[in-house]
Amino acid sequence: MNAIEVKNLHKSFGELKAVEGVSFNIREGEILSLLGPNGAGKTTTISMLSTLLRPDQGDALVMGHSIKEEPMAVKSVLGVVPQDIALYEDLSARENLIFWGKMYGLRGAALKSRVDEVLEIIGLTERAKGRVGKYSGGMKRRVNIGVALLHKPKIIYMDEPTVGIDPQSRRNILDSVVALKDQGMTVLYTTHYMEEAQELSNQIVIMDHGRVMADGSHEELVRIVGENDRIILGINTESAHVIEIWKAIPGVVHITAENSALHLLVEDSNQALPRLFESANAQNVRINSVEIQEPNLEAVFLHLTGRELRD
């Protein structure tokens, strides 16, 4: 059964078309990642699915409830972790959770019990009395996640929850996402980190410029690239000196430049590399490093959009 069904969502801000015809489904108890660079339309999509923004066109069903016609019913089944920290820094983690728990209608023993459970889930029981203003960025994000879990939602949205935090906190948050799924929760997760989407997701929706470029499991998406190999070459000069010539080498499917590194999709690395070395030699260019990679989501994004995911 689908927990969320997104149907042809559109949203513009003046002349800017932030979301254009976005559609996808999320099955109950699974993790779907919206993967794309900043400006791809991920947060706008999340905001519409949270009923914070009304779509210009299209609709979505969240546990069977229309985001346009039944916004309160949608909100009742959702927990939302926004990009921005939404906490009171002068209060402790426990006090923040108590405050937000009351906003959800929890009271008395039920509130205290649930706050204790959430502190355990986010791994902050021992630090619960500490003032949030003195927490690290990662700890604040964990409290932010805790707030979204207080009312035991069936679905949780997490919008770029690991941006700007230390590796240990990032690992803790990723482990928490998997644990929520294991408990039967449906998770919609936005990220521009390919590794996160690959590790977490049952399904990945690649977005760019407000549109869905591809949708499927990691294995299904990688098959889009086919049997092409990905090669990263480091050279001793600016890439502009060789990129146009190398584009014409037989077997080179696609090539992009980043400083003195070239990222290539090739039909067969065993055949393409000798040709590339021969061309480099003819142009008095030295190849300093060679890295051959299996097709991954970065290669898929490059194949679909003609640019790197991090651009």
# chains A, B, ... in the order shown; residues from 1 in each chain; ligands from 1
$ closest_atom_pairs --of "range 75-134 of chain A" --to "range 48-53 of chain A" --cutoff "9 Å" --atoms "only C-alpha atoms" --output "tab-separated table"
residue	atom	partner	partner_atom	distance
A:Lys75	CA	A:Ser50	CA	6.9
A:Leu78	CA	A:Ser50	CA	7.7
A:Gly79	CA	A:Ser50	CA	9.0
A:Val80	CA	A:Ser50	CA	7.6
$ write_last_selection --atoms "N, CA and C atoms" --output "PDB file, in the first residue's frame"
ATOM      1  N   LYS A  75      -1.723  16.654   8.415  1.00  0.00           N
ATOM      2  CA  LYS A  75      -0.815  17.051   9.495  1.00  0.00           C
ATOM      3  C   LYS A  75      -0.857  16.076  10.672  1.00  0.00           C
ATOM      4  N   LEU A  78       1.705  13.239  10.220  1.00  0.00           N
ATOM      5  CA  LEU A  78       3.054  13.629   9.816  1.00  0.00           C
ATOM      6  C   LEU A  78       3.913  14.086  10.981  1.00  0.00           C
ATOM      7  N   GLY A  79       5.203  13.795  10.864  1.00  0.00           N
ATOM      8  CA  GLY A  79       6.230  14.469  11.633  1.00  0.00           C
ATOM      9  C   GLY A  79       7.180  15.107  10.641  1.00  0.00           C
ATOM     10  N   VAL A  80       7.560  16.357  10.851  1.00  0.00           N
ATOM     11  CA  VAL A  80       8.386  17.079   9.888  1.00  0.00           C
ATOM     12  C   VAL A  80       9.651  17.583  10.563  1.00  0.00           C
TER      13      VAL A  80
END
$ residues_around --residues "Ile224 in chain A" --least-positions-apart "3" --cutoff "9 Å" --atoms "only C-alpha atoms" --output "list in words"
Glu220, Leu221, Glu227, Val300, His303 and Leu304 of chain A
$ write_last_selection --atoms "N, CA and C atoms" --output "PDB file, in the first residue's frame"
ATOM      1  N   GLU A 220      18.069  -0.065 -10.077  1.00  0.00           N
ATOM      2  CA  GLU A 220      17.344   0.314 -11.292  1.00  0.00           C
ATOM      3  C   GLU A 220      17.917   1.587 -11.903  1.00  0.00           C
ATOM      4  N   LEU A 221      18.269   2.554 -11.053  1.00  0.00           N
ATOM      5  CA  LEU A 221      18.800   3.817 -11.560  1.00  0.00           C
ATOM      6  C   LEU A 221      20.170   3.632 -12.201  1.00  0.00           C
ATOM      7  N   GLU A 227      26.301  -0.152 -19.345  1.00  0.00           N
ATOM      8  CA  GLU A 227      27.581  -0.775 -19.021  1.00  0.00           C
ATOM      9  C   GLU A 227      28.741   0.217 -19.054  1.00  0.00           C
ATOM     10  N   VAL A 300      24.763   8.474 -12.841  1.00  0.00           N
ATOM     11  CA  VAL A 300      23.389   8.573 -13.336  1.00  0.00           C
ATOM     12  C   VAL A 300      22.996  10.035 -13.504  1.00  0.00           C
ATOM     13  N   HIS A 303      24.733  11.500 -16.413  1.00  0.00           N
ATOM     14  CA  HIS A 303      24.135  10.985 -17.646  1.00  0.00           C
ATOM     15  C   HIS A 303      22.824  11.708 -17.960  1.00  0.00           C
ATOM     16  N   LEU A 304      22.018  12.000 -16.928  1.00  0.00           N
ATOM     17  CA  LEU A 304      20.709  12.587 -17.134  1.00  0.00           C
ATOM     18  C   LEU A 304      20.753  14.084 -17.373  1.00  0.00           C
TER      19      LEU A 304
END
$ closest_atom_pairs --of "range 94-156 of chain A" --to "range 6-29 of chain A" --cutoff "12 Å" --atoms "only C-alpha atoms" --output "JSON lines"
{"residue": "A:Lys154", "atom": "CA", "partner": "A:Gly29", "partner_atom": "CA", "distance": 8.8}
{"residue": "A:Ile155", "atom": "CA", "partner": "A:Glu28", "partner_atom": "CA", "distance": 8.5}
{"residue": "A:Ile156", "atom": "CA", "partner": "A:Gly29", "partner_atom": "CA", "distance": 10.6}
$ closest_residue --among "A:Glu160, A:Glu291, A:Glu298, A:Asp59" --to "Arg141 in chain A" --atoms "only C-alpha atoms"
A:Glu160
$ residues_around --residues "Asn172 in chain A" --least-positions-apart "3" --cutoff "12 Å" --atoms "only C-alpha atoms" --output "PyMOL selection string"
chain A and resi 121-124+138-139+141-142+145+161-162+165-169+175-179
$ write_last_selection --atoms "N, CA and C atoms" --output "short mmCIF file (atom, residue, chain, number, x, y, z; two decimals), in the first residue's frame"
data_model
loop_
_atom_site.label_atom_id
_atom_site.label_comp_id
_atom_site.auth_asym_id
_atom_site.auth_seq_id
_atom_site.Cartn_x
_atom_site.Cartn_y
_atom_site.Cartn_z
N ILE A 121 15.46 7.45 21.92
CA ILE A 121 15.55 7.23 20.47
C ILE A 121 16.66 8.09 19.86
N ILE A 122 16.75 9.35 20.27
CA ILE A 122 17.72 10.27 19.67
C ILE A 122 19.07 10.24 20.39
N GLY A 123 19.20 9.38 21.41
CA GLY A 123 20.47 9.18 22.08
C GLY A 123 20.94 10.35 22.94
N LEU A 124 19.99 11.06 23.57
CA LEU A 124 20.36 12.24 24.37
C LEU A 124 19.84 12.16 25.81
N GLY A 138 25.01 18.97 15.46
CA GLY A 138 24.46 17.63 15.31
C GLY A 138 23.48 17.28 16.42
N MET A 139 23.79 17.68 17.65
CA MET A 139 22.88 17.40 18.77
C MET A 139 21.58 18.17 18.62
N ARG A 141 20.19 19.01 15.83
CA ARG A 141 19.40 18.33 14.80
C ARG A 141 18.74 17.08 15.35
N ARG A 142 19.41 16.40 16.26
CA ARG A 142 18.80 15.21 16.87
C ARG A 142 17.59 15.59 17.72
N ILE A 145 14.76 16.24 15.38
CA ILE A 145 14.13 14.98 14.98
C ILE A 145 13.21 14.48 16.09
N PRO A 161 18.67 16.68 6.77
CA PRO A 161 18.94 16.70 8.22
C PRO A 161 20.41 16.63 8.59
N THR A 162 21.31 16.32 7.65
CA THR A 162 22.73 16.16 8.01
C THR A 162 23.62 17.28 7.49
N ILE A 165 26.87 19.23 9.79
CA ILE A 165 27.14 18.63 11.09
C ILE A 165 28.36 17.72 11.00
N ASP A 166 28.88 17.35 12.16
CA ASP A 166 30.10 16.54 12.23
C ASP A 166 29.80 15.08 11.83
N PRO A 167 30.83 14.33 11.41
CA PRO A 167 30.62 12.96 10.93
C PRO A 167 29.95 12.04 11.95
N GLN A 168 30.28 12.19 13.23
CA GLN A 168 29.69 11.31 14.24
C GLN A 168 28.19 11.55 14.37
N SER A 169 27.78 12.82 14.39
CA SER A 169 26.35 13.13 14.46
C SER A 169 25.63 12.69 13.20
N ASP A 175 21.71 6.32 11.22
CA ASP A 175 21.31 5.10 11.93
C ASP A 175 19.89 5.24 12.48
N SER A 176 19.54 6.46 12.94
CA SER A 176 18.20 6.70 13.47
C SER A 176 17.14 6.56 12.38
N VAL A 177 17.46 7.02 11.18
CA VAL A 177 16.52 6.92 10.06
C VAL A 177 16.22 5.45 9.76
N VAL A 178 17.25 4.64 9.72
CA VAL A 178 17.06 3.21 9.46
C VAL A 178 16.25 2.57 10.58
N ALA A 179 16.52 2.97 11.83
CA ALA A 179 15.78 2.42 12.97
C ALA A 179 14.30 2.78 12.88
#
$ closest_residue --among "A:Asn296, A:Gln83, A:Thr190, A:Gln283" --to "Ile235 in chain A" --atoms "only C-alpha atoms"
A:Gln283
$ atom_distance --atom1 "CA of Glu294 in chain A" --atom2 "CA of Ala248 in chain A"
22.7 Å
$ closest_residue --among "A:Ile46, A:Leu111, A:Val290, A:Val143" --to "Met158 in chain A" --atoms "only C-alpha atoms"
A:Ile46
$ atom_distance --atom1 "CA of Lys181 in chain A" --atom2 "CA of Lys140 in chain A"
21.6 Å
$ select_by_dssp --residues "range 76-263 of chain A" --states "strand (DSSP E)" --output "number ranges by chain"
A: 78-81, 155-159, 186-191, 203-208, 211-216, 229-235, 252-258, 261-263
$ write_last_selection --atoms "C-alpha atoms" --output "PDB file, in the first residue's frame"
ATOM      1  CA  LEU A  78       3.054  13.629   9.816  1.00  0.00           C
ATOM      2  CA  GLY A  79       6.230  14.469  11.633  1.00  0.00           C
ATOM      3  CA  VAL A  80       8.386  17.079   9.888  1.00  0.00           C
ATOM      4  CA  VAL A  81      12.099  17.748  10.444  1.00  0.00           C
ATOM      5  CA  ILE A 155       5.184   9.286   8.256  1.00  0.00           C
ATOM      6  CA  ILE A 156       8.210  11.518   8.835  1.00  0.00           C
ATOM      7  CA  TYR A 157       9.692  14.051   6.430  1.00  0.00           C
ATOM      8  CA  MET A 158      13.382  14.892   6.891  1.00  0.00           C
ATOM      9  CA  ASP A 159      14.668  17.823   4.858  1.00  0.00           C
ATOM     10  CA  THR A 186       7.545   5.696   6.334  1.00  0.00           C
ATOM     11  CA  VAL A 187      10.350   8.201   5.700  1.00  0.00           C
ATOM     12  CA  LEU A 188      10.632  10.875   3.006  1.00  0.00           C
ATOM     13  CA  TYR A 189      14.231  12.072   3.093  1.00  0.00           C
ATOM     14  CA  THR A 190      15.766  14.880   1.046  1.00  0.00           C
ATOM     15  CA  THR A 191      19.498  15.102   0.438  1.00  0.00           C
ATOM     16  CA  GLN A 203      13.533   4.140  -3.634  1.00  0.00           C
ATOM     17  CA  ILE A 204      15.307   7.240  -4.976  1.00  0.00           C
ATOM     18  CA  VAL A 205      13.764  10.123  -6.905  1.00  0.00           C
ATOM     19  CA  ILE A 206      16.380  12.220  -8.702  1.00  0.00           C
ATOM     20  CA  MET A 207      15.278  15.857  -9.076  1.00  0.00           C
ATOM     21  CA  ASP A 208      16.796  18.767 -10.966  1.00  0.00           C
ATOM     22  CA  ARG A 211      11.494  18.089 -12.290  1.00  0.00           C
ATOM     23  CA  VAL A 212      11.790  14.361 -11.657  1.00  0.00           C
ATOM     24  CA  MET A 213      14.638  13.089 -13.817  1.00  0.00           C
ATOM     25  CA  ALA A 214      14.421   9.434 -12.763  1.00  0.00           C
ATOM     26  CA  ASP A 215      12.753   7.252 -10.129  1.00  0.00           C
ATOM     27  CA  GLY A 216      13.602   3.760  -8.883  1.00  0.00           C
ATOM     28  CA  ASP A 229      32.549   2.912 -16.941  1.00  0.00           C
ATOM     29  CA  ARG A 230      33.341   6.095 -15.071  1.00  0.00           C
ATOM     30  CA  ILE A 231      36.923   7.384 -15.178  1.00  0.00           C
ATOM     31  CA  ILE A 232      38.387  10.329 -13.268  1.00  0.00           C
ATOM     32  CA  LEU A 233      41.673  11.611 -14.727  1.00  0.00           C
ATOM     33  CA  GLY A 234      43.962  14.122 -13.043  1.00  0.00           C
ATOM     34  CA  ILE A 235      46.101  16.134 -15.439  1.00  0.00           C
ATOM     35  CA  VAL A 252      33.977   8.536 -24.767  1.00  0.00           C
ATOM     36  CA  VAL A 253      30.276   8.948 -23.998  1.00  0.00           C
ATOM     37  CA  HIS A 254      30.424  12.052 -21.825  1.00  0.00           C
ATOM     38  CA  ILE A 255      33.047  14.284 -20.263  1.00  0.00           C
ATOM     39  CA  THR A 256      32.964  17.130 -17.744  1.00  0.00           C
ATOM     40  CA  ALA A 257      35.748  19.157 -16.164  1.00  0.00           C
ATOM     41  CA  GLU A 258      36.499  20.188 -12.618  1.00  0.00           C
ATOM     42  CA  ALA A 261      40.341  16.722 -13.157  1.00  0.00           C
ATOM     43  CA  LEU A 262      38.224  15.252 -15.917  1.00  0.00           C
ATOM     44  CA  HIS A 263      35.202  13.028 -15.259  1.00  0.00           C
TER      45      HIS A 263
END
$ closest_residue --among "A:Gly133, A:Gly58, A:Pro71, A:Gly146" --to "Leu97 in chain A" --atoms "only C-alpha atoms"
A:Gly146
$ closest_residue --among "A:Glu126, A:Arg171, A:Ala40, A:Arg114" --to "Glu196 in chain A" --atoms "only C-alpha atoms"
A:Arg171
$ select_by_dssp --residues "range 16-62 of chain A" --states "alpha helix (DSSP H)" --output "list in words"
Lys42, Thr43, Thr44, Thr45, Ile46, Ser47, Met48 and Leu49 of chain A
$ write_last_selection --atoms "N, CA and C atoms" --output "PDB file, in the first residue's frame"
ATOM      1  N   LYS A  42      13.467  20.240  -4.033  1.00  0.00           N
ATOM      2  CA  LYS A  42      13.177  19.247  -2.986  1.00  0.00           C
ATOM      3  C   LYS A  42      12.409  19.872  -1.821  1.00  0.00           C
ATOM      4  N   THR A  43      12.880  21.012  -1.314  1.00  0.00           N
ATOM      5  CA  THR A  43      12.235  21.631  -0.156  1.00  0.00           C
ATOM      6  C   THR A  43      10.851  22.151  -0.507  1.00  0.00           C
ATOM      7  N   THR A  44      10.688  22.691  -1.705  1.00  0.00           N
ATOM      8  CA  THR A  44       9.358  23.139  -2.127  1.00  0.00           C
ATOM      9  C   THR A  44       8.389  21.961  -2.192  1.00  0.00           C
ATOM     10  N   THR A  45       8.863  20.833  -2.685  1.00  0.00           N
ATOM     11  CA  THR A  45       8.025  19.630  -2.727  1.00  0.00           C
ATOM     12  C   THR A  45       7.629  19.203  -1.322  1.00  0.00           C
ATOM     13  N   ILE A  46       8.606  19.158  -0.406  1.00  0.00           N
ATOM     14  CA  ILE A  46       8.327  18.806   0.989  1.00  0.00           C
ATOM     15  C   ILE A  46       7.317  19.782   1.598  1.00  0.00           C
ATOM     16  N   SER A  47       7.472  21.067   1.315  1.00  0.00           N
ATOM     17  CA  SER A  47       6.570  22.080   1.885  1.00  0.00           C
ATOM     18  C   SER A  47       5.140  21.876   1.398  1.00  0.00           C
ATOM     19  N   MET A  48       4.971  21.495   0.127  1.00  0.00           N
ATOM     20  CA  MET A  48       3.619  21.209  -0.357  1.00  0.00           C
ATOM     21  C   MET A  48       3.061  19.949   0.294  1.00  0.00           C
ATOM     22  N   LEU A  49       3.891  18.922   0.424  1.00  0.00           N
ATOM     23  CA  LEU A  49       3.420  17.675   1.034  1.00  0.00           C
ATOM     24  C   LEU A  49       3.148  17.842   2.527  1.00  0.00           C
TER      25      LEU A  49
END
$ atom_distance --atom1 "CA of Pro82 in chain A" --atom2 "CA of Ala299 in chain A"
28.7 Å
$ closest_residue --among "A:Ser217, A:Ala128, A:Ser92, A:Pro37" --to "Leu309 in chain A" --atoms "only C-alpha atoms"
A:Pro37
$ residues_around --residues "range 86-90 of chain A" --least-positions-apart "4" --cutoff "7 Å" --atoms "only C-alpha atoms" --output "VMD selection string"
chain A and resid 96 131 to 133 144
$ write_last_selection --atoms "C-alpha atoms" --output "short mmCIF file (atom, residue, chain, number, x, y, z; two decimals), in the first residue's frame"
data_model
loop_
_atom_site.label_atom_id
_atom_site.label_comp_id
_atom_site.auth_asym_id
_atom_site.auth_seq_id
_atom_site.Cartn_x
_atom_site.Cartn_y
_atom_site.Cartn_z
CA ASN A 96 11.97 21.71 24.42
CA ARG A 131 20.79 23.92 27.47
CA VAL A 132 20.22 23.49 23.74
CA GLY A 133 22.12 26.70 22.97
CA ASN A 144 14.77 18.57 16.07
#
$ decode --residues "range 83-172 of chain A" --atoms "C-alpha atoms" --output "mmCIF file, in the first residue's frame"
data_model
loop_
_atom_site.group_PDB
_atom_site.id
_atom_site.type_symbol
_atom_site.label_atom_id
_atom_site.label_comp_id
_atom_site.auth_asym_id
_atom_site.auth_seq_id
_atom_site.Cartn_x
_atom_site.Cartn_y
_atom_site.Cartn_z
ATOM 1 C CA GLN A 83 16.191 22.241 7.394
ATOM 2 C CA ASP A 84 16.251 25.062 9.925
ATOM 3 C CA ILE A 85 16.544 24.255 13.619
ATOM 4 C CA ALA A 86 13.187 24.981 15.316
ATOM 5 C CA LEU A 87 14.134 24.927 19.015
ATOM 6 C CA TYR A 88 14.325 27.291 21.990
ATOM 7 C CA GLU A 89 18.034 27.592 22.749
ATOM 8 C CA ASP A 90 17.532 28.836 26.323
ATOM 9 C CA LEU A 91 15.658 25.634 27.195
ATOM 10 C CA SER A 92 17.097 22.171 27.741
ATOM 11 C CA ALA A 93 16.414 19.295 25.352
ATOM 12 C CA ARG A 94 13.851 17.885 27.775
ATOM 13 C CA GLU A 95 12.141 21.260 28.197
ATOM 14 C CA ASN A 96 11.973 21.715 24.424
ATOM 15 C CA LEU A 97 10.398 18.300 24.005
ATOM 16 C CA ILE A 98 7.908 18.981 26.798
ATOM 17 C CA PHE A 99 6.938 22.297 25.183
ATOM 18 C CA TRP A 100 6.403 20.776 21.743
ATOM 19 C CA GLY A 101 4.693 17.730 23.251
ATOM 20 C CA LYS A 102 2.106 20.033 24.810
ATOM 21 C CA MET A 103 1.607 21.675 21.430
ATOM 22 C CA TYR A 104 0.731 18.203 20.119
ATOM 23 C CA GLY A 105 -1.799 17.822 22.930
ATOM 24 C CA LEU A 106 0.188 15.493 25.211
ATOM 25 C CA ARG A 107 -0.223 15.964 28.952
ATOM 26 C CA GLY A 108 0.762 14.506 32.305
ATOM 27 C CA ALA A 109 2.208 11.001 32.561
ATOM 28 C CA ALA A 110 1.734 10.345 28.840
ATOM 29 C CA LEU A 111 3.843 13.404 27.998
ATOM 30 C CA LYS A 112 6.627 12.504 30.441
ATOM 31 C CA SER A 113 6.723 8.917 29.202
ATOM 32 C CA ARG A 114 6.878 9.930 25.556
ATOM 33 C CA VAL A 115 9.603 12.530 26.171
ATOM 34 C CA ASP A 116 11.682 9.835 27.897
ATOM 35 C CA GLU A 117 11.129 7.475 24.950
ATOM 36 C CA VAL A 118 12.127 10.121 22.408
ATOM 37 C CA LEU A 119 15.275 11.091 24.332
ATOM 38 C CA GLU A 120 16.275 7.431 24.215
ATOM 39 C CA ILE A 121 15.554 7.229 20.466
ATOM 40 C CA ILE A 122 17.723 10.269 19.669
ATOM 41 C CA GLY A 123 20.474 9.185 22.084
ATOM 42 C CA LEU A 124 20.363 12.235 24.375
ATOM 43 C CA THR A 125 19.046 10.836 27.647
ATOM 44 C CA GLU A 126 22.295 11.644 29.443
ATOM 45 C CA ARG A 127 22.386 15.181 28.028
ATOM 46 C CA ALA A 128 18.680 15.944 28.397
ATOM 47 C CA LYS A 129 19.161 18.678 31.018
ATOM 48 C CA GLY A 130 21.756 20.570 28.993
ATOM 49 C CA ARG A 131 20.792 23.922 27.467
ATOM 50 C CA VAL A 132 20.218 23.494 23.738
ATOM 51 C CA GLY A 133 22.123 26.702 22.974
ATOM 52 C CA LYS A 134 25.321 24.961 24.071
ATOM 53 C CA TYR A 135 24.711 21.830 22.009
ATOM 54 C CA SER A 136 26.671 21.032 18.855
ATOM 55 C CA GLY A 137 24.892 21.387 15.519
ATOM 56 C CA GLY A 138 24.460 17.630 15.314
ATOM 57 C CA MET A 139 22.882 17.404 18.771
ATOM 58 C CA LYS A 140 20.463 20.202 17.923
ATOM 59 C CA ARG A 141 19.403 18.334 14.796
ATOM 60 C CA ARG A 142 18.798 15.214 16.873
ATOM 61 C CA VAL A 143 16.498 17.190 19.190
ATOM 62 C CA ASN A 144 14.772 18.572 16.074
ATOM 63 C CA ILE A 145 14.134 14.983 14.979
ATOM 64 C CA GLY A 146 12.855 14.170 18.465
ATOM 65 C CA VAL A 147 10.255 16.939 18.236
ATOM 66 C CA ALA A 148 8.905 15.403 15.026
ATOM 67 C CA LEU A 149 8.559 11.990 16.705
ATOM 68 C CA LEU A 150 6.656 13.064 19.815
ATOM 69 C CA HIS A 151 3.139 12.355 18.522
ATOM 70 C CA LYS A 152 4.118 8.974 17.018
ATOM 71 C CA PRO A 153 3.517 9.929 13.379
ATOM 72 C CA LYS A 154 3.025 7.304 10.698
ATOM 73 C CA ILE A 155 5.184 9.286 8.256
ATOM 74 C CA ILE A 156 8.210 11.518 8.835
ATOM 75 C CA TYR A 157 9.692 14.051 6.430
ATOM 76 C CA MET A 158 13.382 14.892 6.891
ATOM 77 C CA ASP A 159 14.668 17.823 4.858
ATOM 78 C CA GLU A 160 18.495 17.754 4.548
ATOM 79 C CA PRO A 161 18.938 16.701 8.218
ATOM 80 C CA THR A 162 22.730 16.155 8.014
ATOM 81 C CA VAL A 163 23.811 19.439 6.430
ATOM 82 C CA GLY A 164 26.609 21.161 8.320
ATOM 83 C CA ILE A 165 27.143 18.633 11.093
ATOM 84 C CA ASP A 166 30.096 16.540 12.227
ATOM 85 C CA PRO A 167 30.615 12.959 10.931
ATOM 86 C CA GLN A 168 29.694 11.313 14.244
ATOM 87 C CA SER A 169 26.353 13.132 14.465
ATOM 88 C CA ARG A 170 25.712 12.411 10.801
ATOM 89 C CA ARG A 171 26.264 8.704 11.442
ATOM 90 C CA ASN A 172 23.896 8.835 14.423
#
